[in-house]
$ cat start.cif   # mmCIF, C-alpha atoms and all ligand atoms
data_run
#
loop_
_atom_site.label_atom_id
_atom_site.label_comp_id
_atom_site.auth_asym_id
_atom_site.auth_seq_id
_atom_site.Cartn_x
_atom_site.Cartn_y
_atom_site.Cartn_z
CA MET A 300 -42.61 24.61 -34.61
CA ARG A 301 -41.74 22.86 -37.86
CA MET A 302 -38.07 22.50 -38.57
CA LYS A 303 -36.95 23.70 -41.99
CA ASN A 304 -35.47 21.04 -44.24
CA HIS A 305 -31.92 22.38 -44.29
CA THR A 306 -31.97 22.71 -40.50
CA LEU A 307 -33.16 19.12 -40.18
CA VAL A 308 -30.36 17.91 -42.44
CA ALA A 309 -27.77 19.82 -40.43
CA VAL A 310 -29.09 18.42 -37.15
CA THR A 311 -29.04 14.90 -38.62
CA ILE A 312 -25.43 15.29 -39.80
CA VAL A 313 -24.36 16.54 -36.37
CA ALA A 314 -26.19 13.67 -34.66
CA VAL A 315 -24.65 11.04 -36.96
CA ALA A 316 -21.22 12.59 -36.44
CA ALA A 317 -21.71 12.51 -32.68
CA ILE A 318 -22.77 8.86 -32.77
CA THR A 319 -19.77 8.05 -34.99
CA VAL A 320 -17.44 9.73 -32.49
CA VAL A 321 -19.00 7.79 -29.62
CA LEU A 322 -18.75 4.49 -31.49
CA ALA A 323 -15.17 5.26 -32.55
CA GLY A 324 -14.40 5.94 -28.92
CA GLN A 325 -15.87 2.58 -27.95
CA THR A 326 -13.96 0.62 -30.55
CA ALA A 327 -10.77 2.48 -29.60
CA LYS A 328 -11.26 1.51 -25.96
CA PRO A 329 -8.25 -0.47 -24.75
CA THR A 330 -8.95 -4.10 -23.95
CA GLN A 331 -6.73 -3.76 -20.90
CA ALA A 332 -7.40 -1.26 -18.13
CA PRO A 333 -5.57 2.01 -18.64
CA ALA A 334 -2.20 2.27 -16.94
CA GLY A 335 -2.92 5.73 -15.54
CA ASN A 336 -3.05 6.65 -11.89
CA GLY A 337 -6.87 6.45 -11.85
CA THR A 338 -7.04 2.71 -11.20
CA LEU A 339 -4.09 2.97 -8.87
CA LEU A 340 -5.81 5.60 -6.76
CA ASP A 341 -9.00 3.58 -6.60
CA ASP A 342 -6.90 0.67 -5.37
CA LEU A 343 -5.23 2.89 -2.78
CA VAL A 344 -8.64 3.80 -1.36
CA VAL A 345 -9.55 0.10 -1.26
CA ALA A 346 -6.21 -0.69 0.41
CA ASN A 347 -6.99 1.83 3.17
CA ARG A 348 -10.39 0.24 3.72
CA ILE A 349 -9.05 -3.34 3.67
CA LEU A 350 -6.28 -2.59 6.15
CA ALA A 351 -8.75 -0.87 8.48
CA ASN A 352 -11.25 -3.72 8.12
CA GLU A 353 -8.61 -6.38 8.80
CA ASN A 354 -7.39 -4.48 11.91
CA ILE A 355 -3.95 -3.78 10.48
CA LEU A 356 -4.55 -0.03 10.70
CA ASP A 357 -6.73 1.64 13.32
CA GLY A 358 -7.17 5.38 13.54
CA LEU A 359 -3.44 5.66 12.89
CA GLY A 360 -1.07 4.16 10.32
CA HIS A 361 -1.19 4.61 6.56
CA VAL A 362 -0.62 3.08 3.13
CA SER A 363 0.98 4.71 0.08
CA VAL A 364 1.56 3.97 -3.60
CA ARG A 365 4.20 5.19 -6.03
CA SER A 366 2.87 7.21 -8.98
CA LEU A 367 2.89 5.39 -12.30
CA GLN A 368 3.44 8.59 -14.25
CA ARG A 369 5.98 10.13 -11.87
CA PRO A 370 8.03 7.41 -10.13
CA ASP A 371 9.57 10.18 -8.01
CA HIS A 372 6.13 10.95 -6.57
CA PHE A 373 3.76 8.97 -4.38
CA PHE A 374 0.18 9.17 -3.14
CA LEU A 375 -0.97 9.06 0.48
CA SER A 376 -4.16 10.12 2.22
CA ARG A 377 -4.38 13.44 3.99
CA ASP A 378 -4.30 13.24 7.79
CA LEU A 379 -7.31 10.93 8.19
CA ALA A 380 -8.18 7.53 9.71
CA PRO A 381 -7.66 4.91 6.95
CA GLY A 382 -11.18 3.53 7.30
CA LEU A 383 -12.58 6.92 6.23
CA VAL A 384 -10.33 7.58 3.21
CA THR A 385 -11.91 8.41 -0.17
CA ALA A 386 -10.28 9.32 -3.50
CA ALA A 387 -10.79 13.01 -2.69
CA ASP A 388 -8.52 12.64 0.35
CA LEU A 389 -5.44 11.46 -1.58
CA VAL A 390 -2.47 13.81 -1.79
CA GLU A 391 0.48 13.58 -4.21
CA TYR A 392 3.94 14.03 -2.65
CA ASP A 393 7.50 14.16 -3.89
CA LEU A 394 10.03 11.80 -2.32
CA GLU A 395 11.08 14.50 0.15
CA GLY A 396 7.56 14.45 1.60
CA ASN A 397 6.51 17.79 0.07
CA PRO A 398 2.96 17.97 -1.35
CA VAL A 399 2.94 18.69 -5.09
CA ASN A 400 0.08 21.12 -4.52
CA PRO A 401 1.18 23.67 -1.90
CA LYS A 402 -2.48 24.10 -0.95
CA ALA A 403 -2.87 20.38 -0.16
CA PRO A 404 -4.59 19.58 3.15
CA GLN A 405 -2.53 18.67 6.19
CA GLY A 406 -0.68 15.38 5.73
CA TYR A 407 0.43 12.59 8.05
CA ARG A 408 3.43 13.55 10.18
CA GLU A 409 5.12 10.26 9.27
CA ARG A 410 4.84 10.66 5.47
CA PHE A 411 8.67 10.84 5.39
CA LEU A 412 8.77 7.09 6.04
CA HIS A 413 7.19 6.55 2.61
CA GLY A 414 9.31 8.98 0.62
CA ALA A 415 12.58 7.70 2.08
CA ILE A 416 11.75 4.05 1.33
CA PHE A 417 10.49 4.80 -2.20
CA LYS A 418 13.75 6.67 -2.80
CA ALA A 419 15.94 3.82 -1.53
CA ARG A 420 13.94 0.98 -3.12
CA PRO A 421 13.05 1.37 -6.83
CA ASP A 422 11.47 -2.12 -6.68
CA VAL A 423 8.93 -1.00 -4.05
CA ASN A 424 5.67 0.52 -5.29
CA ALA A 425 3.50 0.39 -2.15
CA ILE A 426 4.19 0.78 1.57
CA VAL A 427 2.14 0.12 4.72
CA HIS A 428 3.01 1.69 8.07
CA SER A 429 1.19 -0.04 10.93
CA HIS A 430 1.14 -0.15 14.73
CA MET A 431 -0.54 -3.58 14.73
CA PRO A 432 -0.69 -5.00 18.29
CA SER A 433 0.42 -8.49 17.22
CA VAL A 434 3.79 -7.17 16.02
CA LEU A 435 4.45 -4.66 18.81
CA PRO A 436 5.92 -7.26 21.25
CA PHE A 437 8.54 -8.17 18.66
CA THR A 438 9.65 -4.54 18.49
CA ASP A 439 10.36 -4.56 22.23
CA VAL A 440 11.95 -7.96 22.95
CA THR A 441 15.08 -9.72 21.75
CA THR A 442 13.08 -12.70 20.45
CA PRO A 443 13.24 -12.28 16.66
CA LEU A 444 10.16 -12.38 14.49
CA ARG A 445 10.54 -15.50 12.31
CA PRO A 446 8.49 -17.17 9.56
CA MET A 447 5.87 -19.57 10.93
CA TYR A 448 4.02 -20.35 7.71
CA HIS A 449 4.45 -20.16 3.97
CA MET A 450 2.56 -16.91 3.41
CA ALA A 451 5.09 -15.08 5.55
CA SER A 452 8.18 -16.60 3.96
CA PHE A 453 9.46 -13.06 3.40
CA LEU A 454 10.48 -13.20 7.06
CA LEU A 455 13.31 -15.53 6.03
CA ASP A 456 15.08 -12.29 5.13
CA GLY A 457 14.74 -11.16 8.75
CA ALA A 458 12.85 -8.43 10.54
CA PRO A 459 15.41 -5.90 11.79
CA ILE A 460 14.39 -3.49 14.54
CA PHE A 461 14.95 0.18 13.78
CA GLU A 462 15.89 2.24 16.80
CA VAL A 463 14.89 5.89 16.44
CA ARG A 464 17.34 6.82 19.18
CA SER A 465 20.18 5.68 16.90
CA VAL A 466 19.62 8.70 14.69
CA GLN A 467 21.76 11.47 16.04
CA GLY A 468 19.72 14.35 17.35
CA GLN A 469 16.40 12.57 16.82
CA ILE A 470 13.96 13.42 19.58
CA GLY A 471 10.67 11.56 19.84
CA MET A 472 9.58 8.26 18.33
CA LEU A 473 8.04 9.27 15.00
CA ILE A 474 9.44 8.96 11.49
CA ASP A 475 8.65 12.63 11.01
CA ASN A 476 11.60 13.91 8.99
CA ASN A 477 13.80 12.77 6.11
CA LYS A 478 16.85 12.06 8.27
CA VAL A 479 15.10 9.46 10.38
CA GLY A 480 13.20 8.18 7.32
CA THR A 481 16.47 7.58 5.46
CA ALA A 482 17.90 5.75 8.49
CA LEU A 483 14.81 3.53 8.62
CA ALA A 484 15.16 2.76 4.89
CA GLN A 485 18.77 1.73 5.53
CA THR A 486 17.66 -0.64 8.29
CA LEU A 487 15.01 -2.09 5.97
CA GLY A 488 17.63 -2.74 3.29
CA LYS A 489 16.29 -5.17 0.68
CA ARG A 490 13.82 -6.81 3.06
CA THR A 491 10.02 -6.75 3.11
CA ILE A 492 9.62 -5.44 6.64
CA ALA A 493 11.43 -3.39 9.24
CA LEU A 494 10.19 -3.20 12.82
CA ILE A 495 10.30 0.13 14.64
CA ARG A 496 11.13 -0.21 18.33
CA GLY A 497 8.19 0.58 20.60
CA HIS A 498 6.16 1.79 17.63
CA GLY A 499 5.26 -0.58 14.78
CA ALA A 500 6.47 -1.65 11.37
CA ALA A 501 7.08 -0.62 7.78
CA ILE A 502 5.97 -3.22 5.24
CA VAL A 503 6.65 -2.96 1.51
CA GLY A 504 5.39 -4.59 -1.68
CA THR A 505 5.88 -4.52 -5.41
CA THR A 506 2.20 -3.56 -5.85
CA ILE A 507 -0.66 -2.40 -3.62
CA PRO A 508 -2.15 -5.93 -3.31
CA ASP A 509 1.33 -7.26 -2.54
CA ALA A 510 1.98 -4.74 0.26
CA VAL A 511 -1.50 -5.24 1.71
CA GLN A 512 -1.18 -9.00 1.86
CA ASN A 513 2.36 -8.82 3.25
CA ALA A 514 0.96 -6.67 6.09
CA ILE A 515 -1.96 -9.02 6.74
CA PHE A 516 0.15 -12.18 6.62
CA LEU A 517 2.72 -10.51 8.88
CA ASP A 518 -0.05 -9.96 11.42
CA VAL A 519 -1.10 -13.62 11.19
CA ASN A 520 2.51 -14.77 11.52
CA ALA A 521 3.15 -12.62 14.60
CA ARG A 522 0.05 -13.97 16.35
CA VAL A 523 0.91 -17.57 15.45
CA GLN A 524 4.50 -17.16 16.64
CA SER A 525 3.40 -15.68 19.98
CA GLN A 526 1.02 -18.62 20.46
CA ALA A 527 3.72 -21.14 19.48
CA VAL A 528 6.23 -19.61 21.89
CA ALA A 529 3.61 -19.72 24.65
CA LEU A 530 3.06 -23.45 24.02
CA GLY A 531 6.68 -23.98 25.04
CA GLY A 532 7.87 -26.75 22.71
CA ASN A 533 10.47 -26.64 19.98
CA ILE A 534 9.31 -24.55 17.04
CA ALA A 535 9.82 -25.63 13.41
CA TYR A 536 10.23 -22.28 11.74
CA LEU A 537 10.28 -22.08 7.96
CA SER A 538 13.74 -22.62 6.51
CA PRO A 539 15.18 -21.56 3.16
CA ALA A 540 14.74 -25.17 2.02
CA ASP A 541 10.97 -24.78 2.39
CA VAL A 542 10.90 -22.16 -0.33
CA ALA A 543 13.69 -23.55 -2.49
CA GLY A 544 11.09 -24.34 -5.14
CA GLY A 545 10.33 -20.66 -5.51
CA ASN A 546 8.18 -18.01 -3.89
CA PRO A 547 4.98 -19.80 -2.76
CA ASN A 548 3.05 -16.59 -3.24
CA PRO A 549 4.38 -14.81 -6.33
CA GLN A 550 2.94 -11.46 -7.39
CA PRO A 551 1.55 -11.90 -10.93
CA PRO A 552 3.39 -9.73 -13.48
CA ALA A 553 0.26 -7.92 -14.60
CA PRO A 554 -0.41 -4.19 -15.09
CA PRO A 555 -2.47 -2.32 -12.47
CA GLY A 556 -6.18 -2.66 -13.12
CA SER A 557 -5.96 -5.92 -15.09
CA PRO A 558 -7.47 -9.05 -13.52
CA GLY A 559 -4.09 -10.76 -13.06
CA TYR A 560 -2.91 -7.87 -10.89
CA TYR A 561 -5.20 -8.79 -8.02
CA THR A 562 -4.55 -11.74 -5.76
CA ARG A 563 -7.32 -14.08 -4.67
CA SER A 564 -7.01 -12.80 -1.13
CA TRP A 565 -7.31 -9.15 -2.28
CA LEU A 566 -10.66 -9.88 -3.93
CA ILE A 567 -12.27 -11.28 -0.79
CA TRP A 568 -10.71 -8.66 1.49
CA LYS A 569 -12.01 -5.98 -0.87
CA ALA A 570 -15.53 -7.48 -0.97
CA LYS A 571 -15.64 -7.53 2.84
CA ALA A 572 -14.20 -4.05 3.29
CA MET A 573 -16.31 -2.36 0.63
CA GLY A 574 -19.54 -4.16 1.51
CA GLU A 575 -19.74 -5.75 -1.94
CA LYS A 576 -22.26 -8.47 -2.65
CA ARG A 577 -20.66 -11.90 -2.53
ZN ZN B 601 3.63 5.40 13.31
#

$ encode --input "start.cif" --output "structure tokens"
Amino acid sequence: MRMKNHTLVAVTIVAVAAITVVLAGQTAKPTQAPAGNGTLLDDLVVANRILANENILDGLGHVSVRSLQRPDHFFLSRDLAPGLVTAADLVEYDLEGNPVNPKAPQGYRERFLHGAIFKARPDVNAIVHSHMPSVLPFTDVTTPLRPMYHMASFLLDGAPIFEVRSVQGQIGMLIDNNKVGTALAQTLGKRTIALIRGHGAAIVGTTIPDAVQNAIFLDVNARVQSQAVALGGNIAYLSPADVAGGNPNPQPPAPPGSPGYYTRSWLIWKAKAMGEKR
């Protein structure tokens, strides 16, 4: 059917307008990645996969991130093994551990660990809770976990052991309510990690890549220390003088999603965990 002239003109105007809108949208595109939670949530999925792939988390354990738009909220997967987490599984919580959506799927019982630490530590934006086997011995013996190499220099601040029994009335060994979560956050103080007796550890970071690498380097350090102790000689632990020149592994001050936000280690861990072509 032939189109009448005035109809053709109208269609052309609409088409040109549409193209103009599209082009305007392209030119208005920010040069930096948007600072919304979208990139952050993608990174949280990747963090789950990395930590599963690097054997920091098995079927249990979890990783969270503070919301960019609501600093009094955080995101955590629903009750699911970290290696299976997708963006659709992420749930938004307030710092009391309540899901923002009352119809949210069942969450991890130990989500209170995250809310309590985010509440106590405004500088912390991501948290890993792990039962990694390398660290478990240090939760059960009096031998302190100490820094063996530069990537774990955060251990110079110590690795206190949180005792769940110390919380009055607490029964069981899980961080499954706000009272015990708050007590754990107090034990953590301003440090990067707190051990949990007979259970595991809480590891924090200023960003998701920071928390992930702190957890992975903690695992390496714990294995190296156990091997060094087994060798039986004197051990030259890191001392404050070793890092007097500054943090050997600073987190770049870059916004989430921008290239400077991701550490070199994160990029290779991500490629391995996500099956990306290298
Ligand atoms: Zn646990």

$ residues_near_ligand --input "start.cif" --ligand "ligand ZN 601 (chain B)" --cutoff "8 Å" --atoms "all atoms listed in the file" --output "VMD selection string"
chain A and resid 359 to 360 409 428 to 430 473 to 474 498 to 500

$ closest_residue --input "start.cif" --among "A:Leu566, A:Val423, A:Leu339, A:Leu537" --to "A:Leu367" --atoms "all atoms listed in the file"
A:Leu339

$ atom_distance --input "start.cif" --atom1 "atom CA of A:Leu356" --atom2 "atom CA of A:Ala380"
8.4 Å

$ closest_residue --input "start.cif" --among "A:Ala419, A:Ala458, A:Ile507, A:Ile426" --to "A:Thr481" --atoms "all atoms listed in the file"
A:Ala419

$ atom_distance --input "start.cif" --atom1 "atom CA of A:Pro555" --atom2 "atom CA of A:Gln485"
28.1 Å

$ residues_around --input "start.cif" --residues "A:Ala501" --least-positions-apart "5" --cutoff "9 Å" --atoms "all atoms listed in the file" --output "PyMOL selection string"
chain A and resi 412-413+426-429+483+487+491-495+514

$ write_last_selection --input "start.cif" --atoms "C-alpha atoms" --output "PDB file, in the frame of the given file"
ATOM      1  CA  LEU A 412       8.770   7.090   6.040  1.00  0.00           C
ATOM      2  CA  HIS A 413       7.190   6.550   2.610  1.00  0.00           C
ATOM      3  CA  ILE A 426       4.190   0.780   1.570  1.00  0.00           C
ATOM      4  CA  VAL A 427       2.140   0.120   4.720  1.00  0.00           C
ATOM      5  CA  HIS A 428       3.010   1.690   8.070  1.00  0.00           C
ATOM      6  CA  SER A 429       1.190  -0.040  10.930  1.00  0.00           C
ATOM      7  CA  LEU A 483      14.810   3.530   8.620  1.00  0.00           C
ATOM      8  CA  LEU A 487      15.010  -2.090   5.970  1.00  0.00           C
ATOM      9  CA  THR A 491      10.020  -6.750   3.110  1.00  0.00           C
ATOM     10  CA  ILE A 492       9.620  -5.440   6.640  1.00  0.00           C
ATOM     11  CA  ALA A 493      11.430  -3.390   9.240  1.00  0.00           C
ATOM     12  CA  LEU A 494      10.190  -3.200  12.820  1.00  0.00           C
ATOM     13  CA  ILE A 495      10.300   0.130  14.640  1.00  0.00           C
ATOM     14  CA  ALA A 514       0.960  -6.670   6.090  1.00  0.00           C
TER      15      ALA A 514
END

$ atom_distance --input "start.cif" --atom1 "atom CA of A:Tyr407" --atom2 "atom CA of A:Glu391"
12.3 Å

$ residues_around --input "start.cif" --residues "A:Ala386" --least-positions-apart "5" --cutoff "8 Å" --atoms "all atoms listed in the file" --output "ChimeraX atom specification"
/A:340-341,344

$ closest_residue --input "start.cif" --among "A:Val345, A:Leu444, A:Val364, A:Leu455" --to "A:Val542" --atoms "all atoms listed in the file"
A:Leu455

$ closest_residue --input "start.cif" --among "A:Leu343, A:Ala543, A:Val528, A:Val479" --to "A:Phe373" --atoms "only C-alpha atoms"
A:Leu343

$ closest_residue --input "start.cif" --among "A:Trp568, A:Tyr392, A:Tyr448, A:Phe374" --to "A:Phe516" --atoms "only C-alpha atoms"
A:Tyr448

$ closest_residue --input "start.cif" --among "A:Val384, A:Leu389, A:Leu454, A:Ala521" --to "A:Pro436" --atoms "only C-alpha atoms"
A:Ala521

$ residues_around --input "start.cif" --residues "A:Gln405" --least-positions-apart "6" --cutoff "10 Å" --atoms "only C-alpha atoms" --output "ChimeraX atom specification"
/A:376-379,390,398

$ write_last_selection --input "start.cif" --atoms "C-alpha atoms" --output "short mmCIF file (atom, residue, chain, number, x, y, z; two decimals), in the frame of the given file"
data_model
loop_
_atom_site.label_atom_id
_atom_site.label_comp_id
_atom_site.auth_asym_id
_atom_site.auth_seq_id
_atom_site.Cartn_x
_atom_site.Cartn_y
_atom_site.Cartn_z
CA SER A 376 -4.16 10.12 2.22
CA ARG A 377 -4.38 13.44 3.99
CA ASP A 378 -4.30 13.24 7.79
CA LEU A 379 -7.31 10.93 8.19
CA VAL A 390 -2.47 13.81 -1.79
CA PRO A 398 2.96 17.97 -1.35
#

$ axis_aligned_box --input "start.cif" --around "stretch 490-503 of chain A" --padding-each-side "4 Å" --output "JSON"
{"center_x": 9.5, "center_y": -2.5, "center_z": 11.1, "size_x": 16.6, "size_y": 16.6, "size_z": 27.1}

$ residues_around --input "start.cif" --residues "A:Met447" --least-positions-apart "4" --cutoff "8 Å" --atoms "all atoms listed in the file" --output "PyMOL selection string"
chain A and resi 451-452+520+523-524+535-537

$ build_atoms --input "start.cif" --residues "stretch 485-501 of chain A" --atoms "N, CA, C and O atoms" --output "compact mmCIF listing (two decimals), in the coordinates of the input"
# COMPACT_ATOMS: atom_id res chain seq x y z
N GLN A 485 17.50 2.47 5.48
CA GLN A 485 18.77 1.73 5.53
C GLN A 485 18.63 0.47 6.37
O GLN A 485 19.17 -0.58 6.02
N THR A 486 17.90 0.55 7.47
CA THR A 486 17.66 -0.64 8.29
C THR A 486 16.84 -1.66 7.52
O THR A 486 17.10 -2.87 7.58
N LEU A 487 15.85 -1.20 6.79
CA LEU A 487 15.01 -2.09 5.97
C LEU A 487 15.86 -2.83 4.95
O LEU A 487 15.69 -4.04 4.74
N GLY A 488 16.78 -2.12 4.32
CA GLY A 488 17.63 -2.74 3.29
C GLY A 488 16.78 -3.30 2.17
O GLY A 488 15.87 -2.62 1.68
N LYS A 489 17.04 -4.55 1.78
CA LYS A 489 16.29 -5.17 0.68
C LYS A 489 15.15 -6.04 1.18
O LYS A 489 14.56 -6.80 0.42
N ARG A 490 14.84 -5.94 2.47
CA ARG A 490 13.82 -6.81 3.06
C ARG A 490 12.40 -6.30 2.78
O ARG A 490 12.20 -5.23 2.23
N THR A 491 11.44 -7.11 3.27
CA THR A 491 10.02 -6.75 3.11
C THR A 491 9.51 -5.95 4.30
O THR A 491 8.60 -5.15 4.16
N ILE A 492 10.08 -6.21 5.47
CA ILE A 492 9.62 -5.44 6.64
C ILE A 492 10.79 -4.96 7.49
O ILE A 492 11.86 -5.59 7.53
N ALA A 493 10.55 -3.85 8.16
CA ALA A 493 11.43 -3.39 9.24
C ALA A 493 10.52 -3.07 10.42
O ALA A 493 9.46 -2.45 10.25
N LEU A 494 10.92 -3.54 11.60
CA LEU A 494 10.19 -3.20 12.82
C LEU A 494 10.73 -1.87 13.34
O LEU A 494 11.90 -1.53 13.10
N ILE A 495 9.89 -1.14 14.04
CA ILE A 495 10.30 0.13 14.64
C ILE A 495 10.09 -0.01 16.15
O ILE A 495 8.96 -0.24 16.60
N ARG A 496 11.17 0.09 16.90
CA ARG A 496 11.13 -0.21 18.33
C ARG A 496 10.07 0.63 19.08
O ARG A 496 10.03 1.85 18.93
N GLY A 497 9.22 -0.08 19.81
CA GLY A 497 8.19 0.58 20.60
C GLY A 497 7.18 1.36 19.77
O GLY A 497 6.55 2.31 20.28
N HIS A 498 6.98 0.96 18.52
CA HIS A 498 6.16 1.79 17.63
C HIS A 498 5.35 0.97 16.62
O HIS A 498 4.13 1.04 16.60
N GLY A 499 6.01 0.15 15.81
CA GLY A 499 5.26 -0.58 14.78
C GLY A 499 6.15 -1.16 13.71
O GLY A 499 7.22 -1.69 14.02
N ALA A 500 5.73 -1.03 12.46
CA ALA A 500 6.47 -1.65 11.37
C ALA A 500 6.25 -0.90 10.06
O ALA A 500 5.24 -0.22 9.88
N ALA A 501 7.23 -1.05 9.17
CA ALA A 501 7.08 -0.62 7.78
C ALA A 501 7.11 -1.87 6.93
O ALA A 501 8.00 -2.72 7.10
